[in-house]
$ cat work-v6.txt   # compact mmCIF, C-alpha atoms
# COMPACT_ATOMS: atom_id res chain seq x y z
CA MET R 1 105.73 92.85 -34.31
CA PRO R 2 106.68 93.71 -30.75
CA LYS R 3 104.30 95.94 -28.90
CA GLY R 4 105.97 95.94 -25.51
CA LYS R 5 109.24 95.90 -23.66
CA VAL R 6 110.20 94.50 -20.27
CA VAL R 7 113.19 95.86 -18.38
CA VAL R 8 114.69 93.81 -15.55
CA ASP R 9 116.51 95.50 -12.67
CA PRO R 10 119.16 92.83 -12.03
CA GLU R 11 119.97 94.17 -8.56
CA ARG R 12 116.35 93.80 -7.41
CA CYS R 13 115.69 90.43 -9.07
CA LYS R 14 116.08 87.41 -6.77
CA GLY R 15 115.58 84.77 -9.46
CA CYS R 16 112.37 83.35 -7.97
CA GLY R 17 111.11 82.52 -11.47
CA ILE R 18 107.49 83.55 -10.86
CA CYS R 19 107.61 86.00 -13.81
CA VAL R 20 108.97 83.26 -16.09
CA ALA R 21 106.01 81.05 -15.14
CA THR R 22 103.54 83.95 -15.44
CA CYS R 23 104.47 85.32 -18.88
CA PRO R 24 101.96 83.94 -21.42
CA PHE R 25 104.39 84.42 -24.32
CA GLY R 26 107.63 82.91 -23.02
CA VAL R 27 109.47 86.22 -23.12
CA LEU R 28 111.46 85.74 -19.92
CA GLU R 29 113.93 83.06 -18.84
CA MET R 30 116.40 82.45 -16.04
CA THR R 31 119.89 83.50 -17.06
CA SER R 32 123.23 82.26 -15.75
CA THR R 33 124.05 85.79 -14.56
CA TYR R 34 124.24 86.50 -10.83
CA ASN R 35 123.74 89.87 -9.17
CA SER R 36 125.83 91.34 -6.34
CA SER R 37 123.62 89.61 -3.75
CA GLY R 38 124.37 86.23 -5.35
CA TYR R 39 120.92 85.69 -6.83
CA PRO R 40 120.54 84.40 -10.40
CA VAL R 41 118.54 86.93 -12.43
CA VAL R 42 115.96 86.68 -15.20
CA GLY R 43 116.35 88.22 -18.62
CA ALA R 44 114.27 88.70 -21.75
CA ALA R 45 115.01 85.66 -23.93
CA CYS R 46 112.51 86.55 -26.66
CA PRO R 47 111.93 90.32 -26.33
CA ASP R 48 110.18 90.38 -29.72
CA LYS R 49 107.27 88.40 -28.27
CA CYS R 50 106.56 90.95 -25.50
CA THR R 51 103.16 92.61 -25.78
CA GLY R 52 103.57 94.83 -22.74
CA CYS R 53 100.75 93.08 -20.87
CA ALA R 54 102.72 93.56 -17.61
CA LEU R 55 101.52 90.30 -16.04
CA CYS R 56 105.16 89.50 -15.19
CA ALA R 57 105.54 92.79 -13.32
CA LEU R 58 102.18 92.28 -11.63
CA ALA R 59 103.41 88.95 -10.23
CA CYS R 60 106.97 90.04 -9.35
CA PRO R 61 107.35 90.20 -5.55
CA ASP R 62 110.39 92.48 -5.68
CA ILE R 63 109.24 95.17 -8.14
CA ALA R 64 112.23 94.21 -10.29
CA LEU R 65 110.42 94.64 -13.61
CA GLU R 66 109.35 97.72 -15.51
CA VAL R 67 107.08 97.32 -18.53
CA TYR R 68 106.61 99.63 -21.49
CA ARG R 69 103.95 99.45 -24.17
CA GLU R 70 103.86 100.96 -27.63
CA VAL R 71 101.57 103.99 -27.73
CA GLY R 72 98.27 103.06 -29.26
CA ALA R 73 99.10 99.33 -29.37
CA GLY R 74 96.01 98.51 -27.33
CA GLU R 75 93.71 100.32 -29.75
CA ARG R 76 95.23 98.65 -32.80
CA ARG R 77 95.02 95.25 -31.23
CA GLY R 78 91.35 95.88 -30.40
CA GLY R 79 90.61 97.07 -33.91
CA MET A 1 109.43 99.02 -35.39
CA PRO A 2 108.55 100.72 -32.08
CA LYS A 3 111.24 102.63 -30.28
CA THR A 4 111.50 103.36 -26.59
CA GLU A 5 110.57 106.97 -27.26
CA THR A 6 107.16 105.90 -28.57
CA MET A 7 106.52 103.61 -25.63
CA THR A 8 104.76 104.51 -22.42
CA LYS A 9 105.58 102.99 -19.08
CA VAL A 10 102.67 100.77 -18.06
CA PHE A 11 104.13 99.37 -14.86
CA ALA A 12 106.33 101.18 -12.39
CA ARG A 13 107.14 101.25 -8.69
CA PRO A 14 104.43 102.92 -6.54
CA ARG A 15 105.39 106.45 -5.48
CA SER A 16 104.56 105.78 -1.84
CA LEU A 17 107.29 103.12 -1.59
CA THR A 18 110.95 103.96 -0.97
CA GLU A 19 113.73 102.78 -3.28
CA LYS A 20 114.99 100.28 -0.69
CA LYS A 21 115.13 96.62 -1.66
CA PHE A 22 112.90 94.18 0.21
CA THR A 23 114.70 91.89 2.67
CA TYR A 24 112.29 89.04 1.91
CA CYS A 25 113.33 85.67 0.48
CA PRO A 26 113.04 85.06 -3.29
CA GLY A 27 109.40 84.65 -4.36
CA CYS A 28 107.93 85.76 -1.01
CA HIS A 29 104.45 87.30 -1.27
CA HIS A 30 105.23 89.91 1.40
CA GLY A 31 106.88 92.00 -1.33
CA LEU A 32 103.75 91.73 -3.49
CA ILE A 33 101.52 92.78 -0.61
CA THR A 34 103.77 95.75 0.16
CA ARG A 35 103.58 96.82 -3.49
CA ILE A 36 99.78 96.36 -3.60
CA LEU A 37 99.43 98.52 -0.48
CA GLY A 38 101.77 101.14 -1.96
CA GLY A 39 99.72 101.19 -5.16
CA ALA A 40 96.47 101.54 -3.20
CA ILE A 41 97.91 104.42 -1.13
CA ASP A 42 98.96 106.12 -4.39
CA LYS A 43 95.56 105.58 -5.99
CA LEU A 44 93.64 107.04 -3.03
CA GLY A 45 96.13 109.91 -2.65
CA ILE A 46 96.52 109.34 1.09
CA GLN A 47 100.30 109.03 1.43
CA GLU A 48 100.58 112.22 3.52
CA ARG A 49 98.20 110.92 6.18
CA THR A 50 98.86 107.18 6.18
CA VAL A 51 100.47 105.37 9.13
CA VAL A 52 101.61 101.78 8.66
CA VAL A 53 101.86 99.78 11.87
CA ALA A 54 104.46 97.06 11.33
CA PRO A 55 104.37 93.71 13.15
CA VAL A 56 107.00 91.41 14.57
CA GLY A 57 107.84 88.90 11.87
CA CYS A 58 109.38 89.03 8.42
CA ALA A 59 107.57 92.35 7.80
CA VAL A 60 109.24 93.96 10.82
CA PHE A 61 111.07 96.38 8.51
CA ALA A 62 107.86 97.57 6.81
CA TYR A 63 108.61 101.16 7.87
CA GLU A 64 111.72 101.00 5.64
CA TRP A 65 109.65 100.48 2.50
CA PHE A 66 106.64 102.76 2.92
CA ARG A 67 107.24 106.42 2.24
CA CYS A 68 104.81 107.39 4.98
CA ASP A 69 104.67 107.38 8.76
CA GLY A 70 105.04 104.13 10.63
CA VAL A 71 105.28 102.46 14.00
CA GLN A 72 106.74 99.04 14.75
CA ALA A 73 104.46 97.48 17.35
CA ALA A 74 105.27 94.93 20.04
CA HIS A 75 104.55 91.36 18.96
CA GLY A 76 100.84 90.91 18.24
CA ARG A 77 99.85 94.38 19.45
CA ALA A 78 99.65 96.11 16.09
CA ALA A 79 95.84 96.38 16.20
CA ALA A 80 96.03 97.97 19.67
CA VAL A 81 98.72 100.43 18.55
CA ALA A 82 96.67 101.22 15.44
CA THR A 83 93.62 101.81 17.65
CA GLY A 84 95.54 104.38 19.70
CA ILE A 85 96.82 106.23 16.63
CA LYS A 86 93.38 106.26 14.97
CA ARG A 87 91.58 107.47 18.10
CA ALA A 88 94.17 110.19 18.72
CA ASN A 89 93.86 111.47 15.16
CA PRO A 90 90.82 110.10 13.28
CA ASP A 91 91.88 111.85 10.06
CA LEU A 92 94.85 109.52 9.67
CA VAL A 93 94.57 106.36 7.60
CA VAL A 94 95.94 103.61 9.83
CA ILE A 95 97.02 100.26 8.41
CA SER A 96 97.93 97.33 10.65
CA TYR A 97 100.14 94.93 8.67
CA GLN A 98 100.44 91.59 10.45
CA GLY A 99 101.39 87.98 9.83
CA ASP A 100 99.71 84.88 11.21
CA GLY A 101 102.10 84.33 14.11
CA ASP A 102 101.60 87.95 15.11
CA LEU A 103 97.86 88.39 14.49
CA ALA A 104 96.50 84.90 15.09
CA ALA A 105 98.70 83.66 17.95
CA ILE A 106 100.19 86.16 20.39
CA GLY A 107 97.90 88.97 19.19
CA THR A 108 94.57 87.12 19.08
CA ALA A 109 93.04 89.18 21.90
CA GLU A 110 94.03 92.55 20.39
CA THR A 111 92.87 91.40 16.95
CA ILE A 112 89.43 90.26 18.07
CA HIS A 113 88.69 93.17 20.38
CA ALA A 114 89.80 95.84 17.89
CA ALA A 115 87.47 94.19 15.34
CA ASN A 116 84.66 93.84 17.88
CA ARG A 117 84.89 97.53 18.80
CA GLY A 118 84.79 98.34 15.10
CA GLU A 119 87.91 100.48 15.23
CA ALA A 120 88.17 102.36 11.94
CA ILE A 121 91.45 100.74 10.91
CA THR A 122 92.48 98.49 8.03
CA VAL A 123 94.12 95.20 8.99
CA ILE A 124 96.21 93.39 6.38
CA PHE A 125 96.58 89.80 7.55
CA VAL A 126 99.35 87.87 5.79
CA ASN A 127 98.50 84.19 6.29
CA ASN A 128 101.39 82.01 5.16
CA GLN A 129 100.64 79.18 7.60
CA ILE A 130 104.04 79.26 9.25
CA TYR A 131 106.39 81.31 11.41
CA GLY A 132 108.75 82.48 8.68
CA MET A 133 111.21 84.74 10.45
CA THR A 134 112.05 82.40 13.33
CA GLY A 135 112.74 79.38 11.15
CA GLY A 136 109.51 77.78 9.96
CA GLN A 137 107.72 76.75 13.16
CA MET A 138 104.05 75.75 13.34
CA ALA A 139 101.57 78.65 13.41
CA PRO A 140 97.88 78.57 14.43
CA THR A 141 97.09 78.61 10.70
CA THR A 142 99.37 75.68 9.77
CA LEU A 143 97.43 73.07 7.77
CA ASP A 144 96.52 69.66 9.21
CA GLY A 145 99.43 67.30 8.56
CA GLN A 146 101.77 70.10 7.46
CA ALA A 147 105.35 69.44 8.56
CA THR A 148 107.15 72.38 10.19
CA THR A 149 110.30 72.56 12.29
CA SER A 150 108.16 72.33 15.45
CA SER A 151 105.75 69.72 14.03
CA PRO A 152 108.22 67.57 12.07
CA ARG A 153 105.73 64.68 11.72
CA GLY A 154 103.02 67.04 10.54
CA ARG A 155 100.39 68.98 12.49
CA ASP A 156 98.31 66.48 14.47
CA PRO A 157 94.85 67.99 15.09
CA ALA A 158 94.34 65.68 18.09
CA THR A 159 96.99 67.51 20.09
CA MET A 160 97.61 70.69 18.07
CA GLY A 161 94.14 71.67 16.87
CA HIS A 162 92.98 72.57 13.39
CA PRO A 163 94.05 75.67 11.44
CA LEU A 164 92.48 78.87 12.79
CA ARG A 165 90.20 80.56 10.25
CA VAL A 166 90.65 84.18 11.23
CA ALA A 167 88.51 85.80 8.53
CA GLU A 168 85.52 83.60 9.48
CA MET A 169 86.09 84.39 13.15
CA ILE A 170 86.15 88.16 12.55
CA ALA A 171 83.21 87.91 10.14
CA ALA A 172 81.10 86.47 12.97
CA LEU A 173 81.31 89.81 14.82
CA GLN A 174 78.77 92.59 14.29
CA ALA A 175 81.06 95.58 13.88
CA PRO A 176 83.44 94.84 10.96
CA MET A 177 82.53 96.59 7.73
CA TYR A 178 84.57 94.49 5.33
CA VAL A 179 86.17 91.08 5.80
CA THR A 180 87.64 89.25 2.86
CA ARG A 181 90.15 86.52 2.03
CA GLN A 182 92.35 86.85 -1.04
CA ALA A 183 95.29 85.03 -2.64
CA LEU A 184 98.21 85.98 -4.87
CA TYR A 185 99.09 82.76 -6.69
CA ASP A 186 98.36 84.11 -10.19
CA ALA A 187 97.79 87.40 -11.99
CA LYS A 188 94.00 87.17 -11.75
CA HIS A 189 94.05 86.74 -7.98
CA ILE A 190 96.68 89.47 -7.60
CA ALA A 191 94.30 91.83 -9.42
CA GLN A 192 91.40 90.75 -7.18
CA ALA A 193 93.50 91.17 -4.03
CA THR A 194 94.53 94.63 -5.23
CA ARG A 195 90.88 95.64 -5.56
CA ALA A 196 90.12 94.24 -2.09
CA VAL A 197 92.96 96.20 -0.47
CA GLU A 198 91.82 99.36 -2.27
CA LYS A 199 88.26 98.82 -1.06
CA ALA A 200 89.38 98.23 2.54
CA LEU A 201 91.39 101.47 2.53
CA ARG A 202 88.58 103.36 0.81
CA TYR A 203 86.15 102.28 3.53
CA GLN A 204 88.53 103.74 6.11
CA VAL A 205 88.93 106.98 4.15
CA GLU A 206 85.12 107.20 4.00
CA LYS A 207 85.07 106.66 7.79
CA ARG A 208 82.97 103.52 7.58
CA GLY A 209 84.85 101.35 10.06
CA TYR A 210 86.97 98.26 10.53
CA SER A 211 88.13 96.08 7.68
CA LEU A 212 90.31 92.98 7.48
CA VAL A 213 91.93 91.65 4.33
CA GLU A 214 93.33 88.17 4.88
CA ILE A 215 95.82 87.26 2.16
CA LEU A 216 96.93 83.68 1.59
CA ALA A 217 100.66 84.11 1.11
CA ASN A 218 103.45 81.69 0.35
CA CYS A 219 106.61 81.00 2.33
CA PRO A 220 108.90 79.20 -0.12
CA THR A 221 111.74 79.03 2.42
CA GLY A 222 109.61 77.81 5.35
CA TRP A 223 107.64 75.39 3.19
CA LYS A 224 110.87 74.19 1.53
CA MET A 225 109.32 74.63 -1.93
CA PRO A 226 110.48 76.57 -5.00
CA PRO A 227 108.38 79.78 -5.34
CA VAL A 228 106.40 78.62 -8.39
CA LYS A 229 105.57 75.32 -6.68
CA ALA A 230 104.59 77.19 -3.50
CA ASN A 231 102.10 79.24 -5.54
CA GLU A 232 100.68 76.03 -7.04
CA HIS A 233 100.36 74.61 -3.51
CA ILE A 234 98.22 77.61 -2.49
CA ALA A 235 95.95 77.12 -5.50
CA ALA A 236 95.63 73.34 -5.07
CA THR A 237 95.59 72.87 -1.29
CA VAL A 238 95.56 76.00 0.86
CA THR A 239 92.47 77.53 -0.74
CA GLY A 240 90.61 74.33 0.14
CA VAL A 241 91.19 74.99 3.84
CA PHE A 242 90.87 78.79 3.61
CA PRO A 243 88.17 79.55 1.01
CA LEU A 244 88.59 82.78 -0.94
CA GLY A 245 86.08 85.60 -1.21
CA ASP A 246 84.29 88.35 0.67
CA LEU A 247 82.80 87.20 3.98
CA VAL A 248 81.31 90.50 5.07
CA ASP A 249 80.73 93.68 3.09
CA ARG A 250 78.51 96.12 4.96
CA GLY A 251 79.68 99.06 2.84

$ encode --input "work-v6.txt" --output "structure tokens"
Amino acid sequence: MPKGKVVVDPERCKGCGICVATCPFGVLEMTSTYNSSGYPVVGAACPDKCTGCALCALACPDIALEVYREVGAGERRGG
Amino acid sequence: MPKTETMTKVFARPRSLTEKKFTYCPGCHHGLITRILGGAIDKLGIQERTVVVAPVGCAVFAYEWFRCDGVQAAHGRAAAVATGIKRANPDLVVISYQGDGDLAAIGTAETIHAANRGEAITVIFVNNQIYGMTGGQMAPTTLDGQATTSSPRGRDPATMGHPLRVAEMIAALQAPMYVTRQALYDAKHIAQATRAVEKALRYQVEKRGYSLVEILANCPTGWKMPPVKANEHIAATVTGVFPLGDLVDRG
């Protein structure tokens, strides 16, 4: 059951791939889409696996990712 | 199944940054450091009285990204400009943001003497071991044997010296309150670096004195490495030459 959601801003993403390497659950992947600056952008390949841990956004140098987490998901996971 | 309405945003752009896109290369840690600083400014609630002194180098446009006051200093003189601003108005929070070509080469004198006088400023030192903006030339911090456009056969310590360890040099002085070296090659170290930047700014807000946060950054373009490999290089090699951790904490 997904507990999180990652939203990529394709115009800010430069396709460096650091988020893809950082995500512990393999949510993100490089796509074959290019933005208006000519950079390939990342996308959520397996959005169902996202837990909203935000490690991808923490490591993104261009603040291209926003992360959402289900309300109360942390408490349920802890319990 | 959760819907967006039931989800809370857990990661968003710091309020003290503008909406402008960074001009840095893909994977460059400068963007991360800018975001960490923005987050720290938000957390301490000091946006209204923060002044960011930008260097010459890739971060020359820093004033475009911070939603606070800024000055773009002459090459290497950021610490001297920051000194003037801080002395003129001690209530301001003054951040000197400098790279290794700026801080450790042309600006060595200003760097050392501002630290030695214990000016109550926060210096963010971005050490990526290369001159990024001008095309990847050798910097004082370039590793032994590292090939750059101006040391194509690798840095030869016999004629070019060894990498300059700035944090250790500043830590040898009596005045600095906080000197630390951090890295950003994985989430754990990003979190640690974030805490270090927050502490350095907090010390200034509490009027304790000078602090320097050296951050081991990558330069995928200058190093001719993909960003993920550049991060691995920092973890495997660069941290061996520039050990991480707090060198001085007199707070």

$ interface_residues --input "work-v6.txt" --of "chain R" --to "chain A" --cutoff "9 Å" --atoms "all atoms listed in the file" --output "PyMOL selection string"
chain R and resi 1-5+11-18+21-22+39+52-71

$ atom_distance --input "work-v6.txt" --atom1 "atom CA of Thr134 of chain A" --atom2 "atom CA of Val56 of chain A"
10.4 Å

$ atom_distance --input "work-v6.txt" --atom1 "atom CA of Gly101 of chain A" --atom2 "atom CA of Lys199 of chain A"
25.1 Å

$ residues_around --input "work-v6.txt" --residues "Val205 of chain A" --least-positions-apart "2" --cutoff "12 Å" --atoms "only C-alpha atoms" --output "ChimeraX atom specification"
/A:40-41,44-47,49-50,86,90-95,120-122,198-203,207-211

$ atom_distance --input "work-v6.txt" --atom1 "atom CA of His162 of chain A" --atom2 "atom CA of Thr194 of chain A"
28.9 Å

$ closest_atom_pairs --input "work-v6.txt" --of "segment 74-171 of chain A" --to "segment 57-69 of chain A" --cutoff "7 Å" --atoms "all atoms listed in the file" --output "Markdown table"
| residue | atom | partner | partner_atom | distance |
| --- | --- | --- | --- | --- |
| A:Gly99 | CA | A:Gly57 | CA | 6.8 |
| A:Gly132 | CA | A:Cys58 | CA | 6.6 |
| A:Met133 | CA | A:Cys58 | CA | 5.1 |
